[in-house]
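K.L.:
So here's query_0.txt (compact mmCIF, C-alpha atoms).
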# COMPACT_ATOMS: atom_id res chain seq x y z
CA MET A 1476 119.34 104.37 119.67
CA ALA A 1477 115.78 103.88 120.76
CA ALA A 1478 114.32 100.46 120.15
CA THR A 1479 111.80 101.87 117.76
CA PRO A 1480 112.41 105.53 116.96
CA ASP A 1481 109.33 105.61 114.80
CA GLY A 1482 107.32 105.19 117.97
CA ASP A 1483 105.41 102.06 117.16
CA GLU A 1484 106.88 99.34 119.29
CA ALA A 1485 103.79 97.16 119.13
CA LEU A 1486 103.88 97.17 115.35
CA ALA A 1487 107.57 96.31 115.36
CA ILE A 1488 107.03 93.40 117.74
CA ALA A 1489 104.12 92.07 115.70
CA PHE A 1490 106.15 92.47 112.52
CA GLY A 1491 109.03 90.57 114.11
CA ALA A 1492 106.55 87.84 115.03
CA HIS A 1493 105.60 87.62 111.35
CA GLU A 1494 101.98 88.57 111.86
CA ARG A 1495 100.14 89.08 108.61
CA GLY A 1496 98.28 92.14 109.86
CA ALA A 1497 101.51 93.77 110.99
CA PHE A 1498 103.00 93.42 107.53
CA ALA A 1499 99.95 95.07 106.00
CA GLN A 1500 99.91 97.83 108.60
CA ALA A 1501 103.64 98.45 108.26
CA TYR A 1502 103.25 98.82 104.52
CA ARG A 1503 100.35 101.26 104.90
CA GLN A 1504 102.24 103.26 107.50
CA TYR A 1505 105.40 103.64 105.42
CA ALA A 1506 104.01 103.25 101.90
CA SER A 1507 105.15 106.56 100.48
CA LEU A 1508 108.51 106.37 102.19
CA LEU A 1509 109.17 102.87 100.82
CA TYR A 1510 107.92 103.72 97.35
CA SER A 1511 110.07 106.85 97.35
CA ALA A 1512 113.14 104.90 98.48
CA ALA A 1513 112.72 102.65 95.45
CA TYR A 1514 111.70 105.43 93.06
CA ASN A 1515 114.64 107.62 93.96
CA VAL A 1516 117.05 104.82 93.04
CA LEU A 1517 115.27 103.42 89.98
CA GLY A 1518 113.75 106.62 88.60
CA ASN A 1519 110.72 104.76 87.28
CA GLY A 1520 107.31 104.28 88.86
CA GLU A 1521 106.61 100.80 87.50
CA ASP A 1522 110.02 99.50 88.51
CA ALA A 1523 109.60 101.11 91.92
CA GLN A 1524 106.27 99.32 92.44
CA ASP A 1525 107.78 95.98 91.46
CA CYS A 1526 110.70 96.65 93.75
CA VAL A 1527 108.58 97.44 96.84
CA HIS A 1528 106.32 94.48 96.14
CA ASP A 1529 109.24 92.09 95.78
CA ALA A 1530 111.03 93.43 98.86
CA ILE A 1531 107.91 92.90 100.99
CA ALA A 1532 107.36 89.48 99.39
CA LYS A 1533 110.89 88.41 100.28
CA LEU A 1534 110.39 89.46 103.89
CA TRP A 1535 107.05 87.67 103.98
CA ARG A 1536 108.62 84.49 102.68
CA LYS A 1537 111.52 84.69 105.10
CA PRO A 1538 110.35 84.79 108.74
CA GLY A 1539 112.86 86.11 111.23
CA SER A 1540 114.41 88.74 109.00
CA TYR A 1541 113.53 91.46 111.48
CA SER A 1542 113.99 91.44 115.22
CA ALA A 1543 113.65 94.12 117.86
CA ALA A 1544 117.42 93.92 118.48
CA ARG A 1545 117.87 95.54 115.13
CA GLY A 1546 116.03 98.72 116.10
CA SER A 1547 113.68 100.78 114.00
CA LEU A 1548 111.25 98.86 111.83
CA ARG A 1549 110.92 101.87 109.55
CA SER A 1550 114.67 102.01 108.95
CA PHE A 1551 114.79 98.26 108.43
CA LEU A 1552 112.09 98.44 105.76
CA VAL A 1553 113.60 101.45 104.02
CA VAL A 1554 116.98 99.74 103.77
CA CYS A 1555 115.41 96.48 102.57
CA VAL A 1556 113.58 98.30 99.79
CA ARG A 1557 116.54 100.49 98.94
CA ASN A 1558 118.88 97.51 98.74
CA GLU A 1559 116.41 95.66 96.54
CA ALA A 1560 116.29 98.72 94.26
CA ILE A 1561 120.07 98.94 94.11
CA SER A 1562 120.30 95.23 93.31
CA ARG A 1563 117.82 95.69 90.49
CA MET A 1564 119.73 98.67 89.19
CA ARG A 1565 122.92 96.63 89.15
CA ARG A 1566 121.21 93.70 87.47
CA HIS A 1567 119.98 95.96 84.73
CA ASN A 1568 123.33 97.63 84.50
CA ARG A 1569 121.57 100.93 84.84
CA ARG A 1570 123.72 103.37 86.67
CA LEU A 1571 121.71 106.43 87.47
CA HIS A 1572 123.79 109.49 87.99
CA MET A 1573 122.18 110.90 91.06
CA THR A 1574 124.93 113.07 92.41
CA GLN A 1575 122.73 116.14 92.45
CA ARG A 1576 119.68 114.31 93.66
CA LEU A 1577 119.35 116.10 96.96
CA ALA A 1578 119.06 119.36 95.11
CA ALA A 1579 116.71 117.99 92.48
CA GLN A 1580 113.26 119.54 92.27
CA PRO A 1581 111.19 117.43 89.87
CA GLU A 1582 108.10 119.61 90.14
CA ASP A 1583 106.57 118.16 87.03
CA HIS A 1584 106.22 114.72 88.55
CA ALA A 1585 102.54 114.08 89.09
CA GLU A 1586 103.04 111.89 92.12
CA LEU A 1587 105.45 114.14 93.93
CA GLU A 1588 104.71 115.16 97.46
CA ALA A 1589 106.40 118.13 99.02
CA GLY A 1590 109.09 116.32 100.96
CA ASP A 1591 110.93 118.16 103.65
CA PRO A 1592 113.26 120.93 102.42
CA ILE A 1593 114.53 121.56 105.94
CA GLU A 1594 115.51 117.93 106.33
CA ARG A 1595 117.11 118.02 102.90
CA ASP A 1596 119.22 121.01 103.90
CA ARG A 1597 120.22 119.33 107.14
CA VAL A 1598 121.48 116.28 105.29
CA ARG A 1599 123.23 118.33 102.64
CA HIS A 1600 125.01 120.43 105.23
CA ALA A 1601 125.93 117.40 107.29
CA LEU A 1602 127.43 115.81 104.19
CA GLU A 1603 129.34 118.97 103.35
CA ARG A 1604 130.90 119.01 106.78
CA LEU A 1605 132.40 115.54 106.36
CA PRO A 1606 136.09 115.24 105.45
CA ASP A 1607 136.49 115.10 101.68
CA ASP A 1608 137.62 111.49 101.53
CA GLN A 1609 134.65 110.27 103.59
CA ARG A 1610 132.12 112.45 101.79
CA ILE A 1611 133.24 111.30 98.35
CA ALA A 1612 133.13 107.62 99.29
CA LEU A 1613 129.77 108.03 100.98
CA ARG A 1614 128.30 109.85 98.00
CA LEU A 1615 129.44 107.16 95.58
CA ALA A 1616 127.73 104.56 97.77
CA PHE A 1617 124.50 106.39 98.58
CA PHE A 1618 123.83 108.39 95.43
CA GLU A 1619 125.37 106.18 92.77
CA GLY A 1620 124.66 102.78 94.28
CA LYS A 1621 128.23 101.58 93.87
CA THR A 1622 129.67 98.65 95.78
CA HIS A 1623 132.67 99.13 98.02
CA THR A 1624 134.75 97.22 95.46
CA GLU A 1625 133.73 99.61 92.70
CA ILE A 1626 134.38 102.63 94.91
CA ALA A 1627 137.84 101.32 95.79
CA ALA A 1628 138.56 100.87 92.10
CA ASP A 1629 137.20 104.31 91.20
CA LEU A 1630 139.22 106.05 93.88
CA GLN A 1631 142.23 103.76 93.51
CA GLN A 1632 142.35 103.06 97.21
CA PRO A 1633 142.63 99.79 99.15
CA LEU A 1634 139.33 98.12 99.98
CA GLY A 1635 139.89 98.40 103.73
CA THR A 1636 140.52 102.12 103.44
CA ILE A 1637 137.28 102.63 101.55
CA LYS A 1638 135.30 100.54 104.01
CA GLY A 1639 136.67 102.61 106.87
CA ARG A 1640 135.91 105.91 105.15
CA ILE A 1641 132.34 104.92 104.42
CA SER A 1642 131.75 103.55 107.89
CA HIS A 1643 133.26 106.59 109.65
CA GLY A 1644 131.47 108.94 107.30
CA LEU A 1645 128.10 107.34 107.98
CA ARG A 1646 128.65 107.45 111.73
CA LYS A 1647 129.54 111.13 111.54
CA LEU A 1648 126.51 111.78 109.39
CA ALA A 1649 124.33 110.01 111.93
CA SER A 1650 125.87 112.01 114.74
CA ALA A 1651 125.35 115.29 112.88
CA LEU A 1652 121.76 114.37 112.19
CA LYS A 1653 121.34 113.13 115.78
CA VAL A 1654 119.87 109.86 114.54
CA MET B 1272 133.05 90.21 105.75
CA ASN B 1273 134.42 89.45 109.18
CA HIS B 1274 132.08 86.68 110.29
CA GLU B 1275 132.68 87.27 113.99
CA HIS B 1276 131.52 90.89 113.90
CA VAL B 1277 130.20 92.87 111.00
CA GLY B 1278 132.30 95.96 111.76
CA ASP B 1279 132.45 98.39 108.85
CA ASP B 1280 130.21 96.12 106.80
CA ALA B 1281 127.22 97.37 108.82
CA ALA B 1282 127.47 100.73 107.08
CA LEU B 1283 128.17 99.14 103.71
CA TYR B 1284 125.11 96.93 104.06
CA ALA B 1285 122.81 99.79 105.04
CA LEU B 1286 124.04 101.82 102.07
CA GLY B 1287 123.62 98.91 99.66
CA ALA B 1288 127.37 98.91 99.01
CA LEU B 1289 127.87 95.18 99.61
CA SER B 1290 127.51 92.66 96.83
CA ASP B 1291 124.36 90.51 97.01
CA ARG B 1292 126.43 87.58 98.27
CA GLU B 1293 128.07 89.66 101.00
CA ALA B 1294 124.73 91.11 102.02
CA ILE B 1295 123.23 87.64 102.43
CA ALA B 1296 126.20 86.54 104.54
CA LEU B 1297 125.71 89.57 106.77
CA GLN B 1298 121.99 88.89 107.13
CA VAL B 1299 122.72 85.34 108.21
CA HIS B 1300 125.24 86.53 110.75
CA ILE B 1301 123.09 89.21 112.39
CA ARG B 1302 120.22 86.78 112.90
CA GLN B 1303 122.41 85.15 115.53
CA CYS B 1304 124.30 88.18 116.80
CA PRO B 1305 122.19 90.85 118.56
CA SER B 1306 125.11 93.24 118.99
CA CYS B 1307 125.83 93.20 115.27
CA ALA B 1308 122.11 93.48 114.55
CA ASN B 1309 122.10 96.60 116.68
CA LEU B 1310 125.11 97.97 114.79
CA VAL B 1311 123.32 97.38 111.50
CA GLY B 1312 120.20 99.01 112.92
CA ASP B 1313 122.18 102.15 113.74
CA ALA B 1314 123.54 102.28 110.21
CA GLU B 1315 120.03 101.74 108.82
CA ASP B 1316 118.80 104.70 110.87
CA ALA B 1317 121.50 106.92 109.38
CA VAL B 1318 120.72 105.83 105.82
CA THR B 1319 117.00 106.33 106.44
CA ALA B 1320 117.66 109.83 107.76
CA ALA B 1321 119.44 110.61 104.49
CA ALA B 1322 116.65 108.97 102.48
CA LEU B 1323 114.08 111.13 104.26
CA ALA B 1324 115.71 114.16 102.74
CA GLU B 1325 115.10 112.95 99.23
CA PRO B 1326 112.00 113.75 97.16
CA LEU B 1327 108.90 112.02 98.47
CA HIS B 1328 106.52 110.32 96.07
CA ARG B 1329 103.00 109.25 96.84
CA ALA B 1330 102.68 105.47 96.70
CA PRO B 1331 100.19 104.44 93.97
CA ALA B 1332 96.95 102.80 95.09
CA ALA B 1333 97.74 99.93 92.73
CA LEU B 1334 100.77 99.08 94.82
CA GLU B 1335 98.69 98.82 97.98
CA ARG B 1336 96.34 96.44 96.16
CA ARG B 1337 99.30 94.32 95.14
CA ILE B 1338 100.69 94.26 98.68
CA THR B 1339 97.25 93.44 100.07
CA GLY B 1340 96.95 90.61 97.56
CA LEU B 1341 100.40 89.38 98.44
CA LEU B 1342 99.53 89.19 102.13
CA ALA B 1343 96.02 87.82 101.72
CA PRO B 1344 95.83 84.25 103.05
CA GLN B 1345 94.48 82.83 99.82
CA ALA B 1346 96.83 84.82 97.61
CA ALA B 1347 100.15 84.34 99.36
CA PHE B 1348 102.61 83.33 96.69
CA GLY B 1349 105.48 82.90 99.12
CA ARG B 1350 107.89 80.00 98.82
CA GLY B 1351 105.83 77.67 100.99
CA SER B 1352 102.55 78.67 99.46
CA ALA B 1353 104.04 78.57 95.98
CA VAL B 1354 105.00 74.98 96.61
CA ALA B 1355 101.51 74.40 98.00
CA ALA B 1356 100.01 76.02 94.91
CA ILE B 1357 102.11 73.79 92.67
CA ALA B 1358 101.15 70.76 94.73
CA ALA B 1359 97.47 71.75 94.55
CA ALA B 1360 97.68 72.28 90.83
CA PHE B 1361 99.53 68.98 90.52
CA LEU B 1362 96.78 67.22 92.43
CA LEU B 1363 94.17 68.86 90.28
CA GLY B 1364 96.02 67.49 87.30
CA ILE B 1365 96.55 64.04 88.79
CA LEU B 1366 92.99 63.41 89.91
CA PRO B 1367 91.43 63.77 86.48
CA SER B 1368 94.36 61.85 85.10
CA TRP B 1369 93.26 58.82 87.13
CA TYR B 1370 90.03 58.86 85.17
CA LEU B 1371 91.86 59.44 81.92
CA TRP B 1372 94.13 56.52 82.69
CA GLN B 1373 91.29 54.16 82.09
CA GLN B 1374 90.69 55.63 78.68
CA ASN B 1375 94.07 56.79 77.55
CA ARG B 1376 97.24 55.41 79.08
CA SER B 1377 99.51 57.66 77.05
CA MET B 1378 97.81 60.74 78.43
CA GLN B 1379 98.26 59.43 81.94
CA ASP B 1380 101.96 58.97 81.27
CA ALA B 1381 102.18 62.55 80.11
CA VAL B 1382 100.50 63.83 83.28
CA ALA B 1383 102.80 61.70 85.44
CA SER B 1384 105.80 63.13 83.62
CA ARG B 1385 104.50 66.62 84.24
CA GLY B 1386 104.05 65.76 87.92
CA ALA B 1387 107.67 64.69 88.18
CA ALA B 1388 108.71 67.98 86.62
CA MET B 1389 106.59 69.86 89.14
CA ALA B 1390 108.27 68.03 91.99
CA ARG B 1391 111.68 69.11 90.70
CA ILE B 1392 110.48 72.69 90.43
CA ALA B 1393 109.17 72.69 93.97
CA GLU B 1394 112.55 71.60 95.28
CA GLY B 1395 114.82 73.62 93.01
CA PRO B 1396 115.88 77.27 93.18
CA HIS B 1397 113.64 79.62 91.30
CA ARG B 1398 112.71 83.24 90.84
CA ARG B 1399 109.31 84.84 90.80
CA ALA B 1400 107.68 87.79 89.10
CA SER B 1401 104.13 89.09 89.24
CA PHE B 1402 101.88 89.94 86.36
CA ARG B 1403 100.38 93.35 86.59
CA GLY B 1404 98.97 96.22 84.55
CA GLY B 1405 97.01 95.93 81.36
CA GLY B 1406 93.85 97.18 82.99
CA GLY B 1407 93.03 93.68 84.17
CA ASN B 1408 92.59 92.46 87.70
CA VAL B 1409 94.51 89.23 87.46
CA ALA B 1410 96.41 87.73 90.40
CA ALA B 1411 99.15 85.84 88.64
CA ASP B 1412 102.79 85.00 89.17
CA VAL B 1413 105.45 83.29 87.15
CA MET B 1414 108.08 81.14 88.82
CA TYR B 1415 111.09 80.42 86.66
CA ALA B 1416 114.51 78.85 86.70
CA PRO B 1417 117.44 81.26 87.08
CA ASP B 1418 118.84 79.89 83.81
CA GLY B 1419 115.52 80.15 81.95
CA SER B 1420 115.18 76.39 81.55
CA TRP B 1421 111.58 76.31 82.82
CA TYR B 1422 108.67 78.57 83.69
CA VAL B 1423 105.52 77.96 85.69
CA ILE B 1424 102.67 80.45 85.36
CA VAL B 1425 100.10 80.36 88.18
CA VAL B 1426 96.89 82.37 87.85
CA LYS B 1427 94.30 82.69 90.58
CA GLY B 1428 90.62 83.46 90.52
CA ILE B 1429 89.86 83.05 86.82
CA SER B 1430 87.06 81.07 85.26
CA ASN B 1431 88.19 81.09 81.65
CA PRO B 1432 91.55 80.06 80.15
CA LEU B 1433 94.13 82.78 79.58
CA GLN B 1434 96.73 82.68 76.85
CA VAL B 1435 100.37 83.13 77.80
CA ALA B 1436 102.67 84.92 75.38
CA TRP B 1437 106.35 85.78 75.21
CA MET B 1438 106.78 89.45 74.30
CA HIS B 1439 110.01 90.17 72.49
CA GLY B 1440 111.19 92.84 70.09
CA GLY B 1441 107.68 94.11 69.48
CA GLU B 1442 106.49 90.61 68.67
CA ARG B 1443 104.22 88.22 70.50
CA THR B 1444 104.87 84.48 70.57
CA MET B 1445 102.03 82.42 71.98
CA LEU B 1446 103.29 79.85 74.46
CA GLY B 1447 100.16 78.10 75.61
CA SER B 1448 97.00 78.35 77.62
CA ALA B 1449 96.55 78.51 81.41
CA THR B 1450 93.31 76.64 82.03
CA PRO B 1451 91.68 77.01 85.45
CA HIS B 1452 90.68 74.13 87.69
CA GLY B 1453 88.75 75.32 90.70
CA GLY B 1454 89.84 78.90 90.14
CA LEU B 1455 93.55 78.06 89.87
CA ALA B 1456 95.32 77.76 86.55
CA MET B 1457 98.84 76.61 85.94
CA LEU B 1458 100.98 76.36 82.85
CA TYR B 1459 104.34 74.63 82.86
CA LEU B 1460 106.77 75.66 80.13
CA PRO B 1461 110.12 73.90 79.77
CA LYS B 1462 112.33 76.17 77.65
CA SER B 1463 115.87 76.41 76.46
CA HIS B 1464 116.16 80.19 76.56
CA ARG B 1465 115.47 83.11 78.81
CA MET B 1466 112.33 85.17 78.34
CA ASP B 1467 112.37 88.71 79.67
CA GLN B 1468 108.72 89.56 79.35
CA LEU B 1469 105.56 87.47 79.48
CA ALA B 1470 101.98 88.56 78.98
CA LEU B 1471 98.60 87.12 79.88
CA ILE B 1472 96.02 87.54 77.16
CA ASP B 1473 92.25 87.30 77.43
CA GLY B 1474 90.38 87.43 74.14
CA GLY B 1475 93.23 89.21 72.40
CA ARG B 1476 93.59 91.80 75.15
CA ILE B 1477 96.66 91.87 77.39
CA VAL B 1478 95.49 91.69 81.00
CA GLY B 1479 98.89 91.41 82.71
CA ARG B 1480 102.58 91.63 82.04
CA ALA B 1481 105.50 90.22 84.00
CA ALA B 1482 109.10 91.38 83.74
CA LEU B 1483 111.57 88.60 84.43
CA HIS B 1484 115.06 89.31 85.69
CA TYR B 1485 118.19 87.22 85.57
CA ASP B 1486 121.72 87.61 86.88
If you took the structure in this file and wrote it as structure tokens, what would it be?
P.N.:
Amino acid sequence: MAATPDGDEALAIAFGAHERGAFAQAYRQYASLLYSAAYNVLGNGEDAQDCVHDAIAKLWRKPGSYSAARGSLRSFLVVCVRNEAISRMRRHNRRLHMTQRLAAQPEDHAELEAGDPIERDRVRHALERLPDDQRIALRLAFFEGKTHTEIAADLQQPLGTIKGRISHGLRKLASALKV
Amino acid sequence: MNHEHVGDDAALYALGALSDREAIALQVHIRQCPSCANLVGDAEDAVTAAALAEPLHRAPAALERRITGLLAPQAAFGRGSAVAAIAAAFLLGILPSWYLWQQNRSMQDAVASRGAAMARIAEGPHRRASFRGGGGNVAADVMYAPDGSWYVIVVKGISNPLQVAWMHGGERTMLGSATPHGGLAMLYLPKSHRMDQLALIDGGRIVGRAALHYD
């Protein structure tokens, strides 16, 4: 893995050093990606805004959350926002059924940008090529925001088995996508 | 989680499949373990690649304004600055109280009691939510106890008092007034119940709403 696949090492270093300007620049650079990460989990624009704001606020209040050893700043931010969104969804006991989300085409959404259909197909095909047990566990985690404990209960499998399936599945997905 | 190495938990964390408690434990661990941090970074890259394939939405301009406000030196409502804001508001309350002490000892006692409460708030765990919307341009936050036992509303950059209301079931219950001192207003509300939605009201018009979340 490259240190900063998004190609902005200086920004990542400044962000890691907790520089105010780097936080602002990082937000501007990834604004739509971060907002989308939240929106695609919460399904609501206002909640998504609160989520991104709170995720950035938490990072701002907690110096040292990001370091270059971790890798891509973009990926770090996306996962921070996504995890905040999933936490909110759990708190509100709002399970969105997003199984078909990759195929979704919400054309009537005023704020929608085009996205990348080629990338979407790549991910969908990479998921389809995973062994069934890994794909199912991975889908429950990624698209339904379930915890590993819930997935183990749903699939009636030991926790360790589920953890292994998800971990192996994600590694294979990364390999297929050449992340 | 295995506290020596994160192992499979790296993927679970990146996917959001850990509980909040497990995720915090992992974050603590990887701050001191570069190899595990790298493992988590790899998993984050994979999750981001999948996220990139999802529909993309344009970030609203209002969100950028909120982020800019969050990061502005004078508007940082982070933990340290929140404590500083409380301390500043406390001082603003205490200084006039010294004058009032000469005229009204009971009022001074009340201010001192409020100061003690503020000190407890500054040291205790709390949550925070921002007021937004309503067509206003108010920079305001509410800090509140996780069990709903107290709330502190802090409003910046206003010159006139704003009313604070609890919005519930289509009704509005007025809670008090946030009166500015030097551009900063604070209202402390000890309560015995949780409030999910608060509103700031200026002349009968709602200028900001805050959604409060609890476990």
K.L.:
Calculated over only C-alpha atoms, which of the candidates A:Asp1607, A:Asp1629, A:Glu1484, A:Asp1522 has the smallest distance to chain B?
P.N.:
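Of all the options, A:Asp1522 lies closest to chain B.
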K.L.:
Can you check which parts of chain B lie within 8 Å of chain A? Per residue, the shortest pair of atoms and distance in Å to one decimal, counting only C-alpha atoms, sorted by chain and number, as a tab-separated table.
P.N.:
residue	atom	partner	partner_atom	distance
B:Asp1279	CA	A:Ser1642	CA	5.3
B:Asp1280	CA	A:Lys1638	CA	7.3
B:Ala1281	CA	A:Ser1642	CA	7.7
B:Ala1282	CA	A:Ser1642	CA	5.2
B:Leu1283	CA	A:Ser1642	CA	7.1
B:Ala1285	CA	A:Val1554	CA	6.0
B:Leu1286	CA	A:Phe1617	CA	5.8
B:Gly1287	CA	A:Asn1558	CA	5.0
B:Ala1288	CA	A:Thr1622	CA	4.0
B:Leu1289	CA	A:Thr1622	CA	5.5
B:Ser1290	CA	A:Thr1622	CA	6.5
B:Asp1291	CA	A:Ser1562	CA	7.2
B:Gln1298	CA	A:Ser1540	CA	7.8
B:Arg1302	CA	A:Ser1540	CA	7.3
B:Pro1305	CA	A:Ala1544	CA	5.7
B:Ser1306	CA	A:Ala1544	CA	7.7
B:Ala1308	CA	A:Arg1545	CA	4.7
B:Asn1309	CA	A:Arg1545	CA	4.6
B:Leu1310	CA	A:Arg1545	CA	7.6
B:Val1311	CA	A:Arg1545	CA	6.8
B:Gly1312	CA	A:Arg1545	CA	4.7
B:Asp1313	CA	A:Met1476	CA	6.9
B:Ala1314	CA	A:Leu1645	CA	7.2
B:Glu1315	CA	A:Ser1550	CA	5.4
B:Asp1316	CA	A:Ser1550	CA	5.3
B:Ala1317	CA	A:Ala1649	CA	4.9
B:Val1318	CA	A:Val1554	CA	7.4
B:Thr1319	CA	A:Ser1550	CA	5.5
B:Ala1320	CA	A:Val1654	CA	7.1
B:Ala1321	CA	A:Val1598	CA	6.1
B:Ala1322	CA	A:Ala1512	CA	6.7
B:Leu1323	CA	A:Glu1594	CA	7.3
B:Ala1324	CA	A:Arg1595	CA	4.1
B:Glu1325	CA	A:Leu1577	CA	5.8
B:Pro1326	CA	A:Gly1590	CA	5.4
B:Leu1327	CA	A:Gly1590	CA	5.0
B:His1328	CA	A:Leu1587	CA	4.5
B:Arg1329	CA	A:Ser1507	CA	5.0
B:Ala1330	CA	A:Ser1507	CA	4.6
B:Leu1334	CA	A:Gln1524	CA	6.0
B:Glu1335	CA	A:Arg1503	CA	7.5
B:Arg1337	CA	A:His1528	CA	7.1
B:Ile1338	CA	A:His1528	CA	6.2
B:Thr1339	CA	A:Ala1499	CA	6.7
B:Leu1341	CA	A:Ala1532	CA	7.0
B:Leu1342	CA	A:Arg1495	CA	6.5
B:Gly1349	CA	A:Arg1536	CA	5.0
B:Arg1350	CA	A:Arg1536	CA	6.0
B:Gly1351	CA	A:Arg1536	CA	7.6
B:His1484	CA	A:Arg1566	CA	7.8
B:Tyr1485	CA	A:Arg1566	CA	7.4
B:Asp1486	CA	A:Arg1566	CA	6.1
K.L.:
Pick out the residues sitting within 10 Å of segment 1422-1426 of chain B, and hand them over as an mmCIF file with C-alpha atoms, keeping the file's coordinate frame; count all atoms listed in the file, and ignore anything fewer than 6 positions along from it in its own chain.
P.N.:
data_model
loop_
_atom_site.group_PDB
_atom_site.id
_atom_site.type_symbol
_atom_site.label_atom_id
_atom_site.label_comp_id
_atom_site.auth_asym_id
_atom_site.auth_seq_id
_atom_site.Cartn_x
_atom_site.Cartn_y
_atom_site.Cartn_z
ATOM 1 C CA PHE B 1348 102.610 83.330 96.690
ATOM 2 C CA ALA B 1353 104.040 78.570 95.980
ATOM 3 C CA ALA B 1356 100.010 76.020 94.910
ATOM 4 C CA ILE B 1357 102.110 73.790 92.670
ATOM 5 C CA ALA B 1360 97.680 72.280 90.830
ATOM 6 C CA MET B 1389 106.590 69.860 89.140
ATOM 7 C CA ILE B 1392 110.480 72.690 90.430
ATOM 8 C CA HIS B 1397 113.640 79.620 91.300
ATOM 9 C CA ARG B 1398 112.710 83.240 90.840
ATOM 10 C CA ARG B 1399 109.310 84.840 90.800
ATOM 11 C CA ALA B 1400 107.680 87.790 89.100
ATOM 12 C CA SER B 1401 104.130 89.090 89.240
ATOM 13 C CA PHE B 1402 101.880 89.940 86.360
ATOM 14 C CA VAL B 1409 94.510 89.230 87.460
ATOM 15 C CA ALA B 1410 96.410 87.730 90.400
ATOM 16 C CA ALA B 1411 99.150 85.840 88.640
ATOM 17 C CA ASP B 1412 102.790 85.000 89.170
ATOM 18 C CA VAL B 1413 105.450 83.290 87.150
ATOM 19 C CA MET B 1414 108.080 81.140 88.820
ATOM 20 C CA TYR B 1415 111.090 80.420 86.660
ATOM 21 C CA ALA B 1416 114.510 78.850 86.700
ATOM 22 C CA PRO B 1432 91.550 80.060 80.150
ATOM 23 C CA LEU B 1433 94.130 82.780 79.580
ATOM 24 C CA VAL B 1435 100.370 83.130 77.800
ATOM 25 C CA SER B 1448 97.000 78.350 77.620
ATOM 26 C CA ALA B 1449 96.550 78.510 81.410
ATOM 27 C CA THR B 1450 93.310 76.640 82.030
ATOM 28 C CA PRO B 1451 91.680 77.010 85.450
ATOM 29 C CA GLY B 1454 89.840 78.900 90.140
ATOM 30 C CA LEU B 1455 93.550 78.060 89.870
ATOM 31 C CA ALA B 1456 95.320 77.760 86.550
ATOM 32 C CA MET B 1457 98.840 76.610 85.940
ATOM 33 C CA LEU B 1458 100.980 76.360 82.850
ATOM 34 C CA TYR B 1459 104.340 74.630 82.860
ATOM 35 C CA LEU B 1460 106.770 75.660 80.130
ATOM 36 C CA PRO B 1461 110.120 73.900 79.770
ATOM 37 C CA LYS B 1462 112.330 76.170 77.650
ATOM 38 C CA ARG B 1465 115.470 83.110 78.810
ATOM 39 C CA MET B 1466 112.330 85.170 78.340
ATOM 40 C CA LEU B 1469 105.560 87.470 79.480
ATOM 41 C CA LEU B 1471 98.600 87.120 79.880
#
K.L.:
Please indicate the distance in Å from atom CA of Ile1477 of chain B to atom CA of Ala1530 of chain A, rounded to one decimal place.
P.N.:
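Spanning atom CA of Ile1477 of chain B to atom CA of Ala1530 of chain A is a straight-line distance of 25.9 Å.
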K.L.:
By how many Å are atom CA of Asn1431 of chain B and atom CA of Leu1446 of chain B apart?
P.N.:
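A separation of 16.8 Å between them.
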K.L.:
Expressed in Å to a single decimal, how great is the separation between atom CA of Ala1612 of chain A and atom CA of Ala1627 of chain A?
P.N.:
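Atom CA of Ala1627 of chain A lies at a distance of 8.6 Å from atom CA of Ala1612 of chain A.
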K.L.:
In terms of the shortest atom-to-atom distance over all atoms listed in the file, which of B:Ile1429, B:Ala1481, B:Ala1296, B:Ala1436 is closest to Arg1403 of chain B?
P.N.:
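Among the listed residues, B:Ala1481 lies closest to Arg1403 of chain B.
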K.L.:
How big is the axis-aligned box around the listed atoms of segment 1498-1501 of chain A once 8 Å is added on each side, and where is its centre? Give both in Å to one decimal, as lines of an AutoDock Vina configuration file.
P.N.:
center_x = 101.8
center_y = 95.9
center_z = 107.3
size_x = 19.7
size_y = 21.0
size_z = 18.6
K.L.:
Which neighbours of Leu1297 of chain B fall inside 9 Å, counting all atoms listed in the file, when residues of the same chain fewer than 2 positions from it are skipped, and could you give them as JSON, numbers by chain?
P.N.:
{"B": [1272, 1274, 1277, 1280, 1281, 1284, 1292, 1293, 1294, 1295, 1299, 1300, 1301, 1302]}
K.L.:
Write the selection just made, keeping C-alpha atoms, as a PDB file, in the coordinates of the input?
P.N.:
ATOM      1  CA  MET B1272     133.050  90.210 105.750  1.00  0.00           C
ATOM      2  CA  HIS B1274     132.080  86.680 110.290  1.00  0.00           C
ATOM      3  CA  VAL B1277     130.200  92.870 111.000  1.00  0.00           C
ATOM      4  CA  ASP B1280     130.210  96.120 106.800  1.00  0.00           C
ATOM      5  CA  ALA B1281     127.220  97.370 108.820  1.00  0.00           C
ATOM      6  CA  TYR B1284     125.110  96.930 104.060  1.00  0.00           C
ATOM      7  CA  ARG B1292     126.430  87.580  98.270  1.00  0.00           C
ATOM      8  CA  GLU B1293     128.070  89.660 101.000  1.00  0.00           C
ATOM      9  CA  ALA B1294     124.730  91.110 102.020  1.00  0.00           C
ATOM     10  CA  ILE B1295     123.230  87.640 102.430  1.00  0.00           C
ATOM     11  CA  VAL B1299     122.720  85.340 108.210  1.00  0.00           C
ATOM     12  CA  HIS B1300     125.240  86.530 110.750  1.00  0.00           C
ATOM     13  CA  ILE B1301     123.090  89.210 112.390  1.00  0.00           C
ATOM     14  CA  ARG B1302     120.220  86.780 112.900  1.00  0.00           C
TER      15      ARG B1302
END
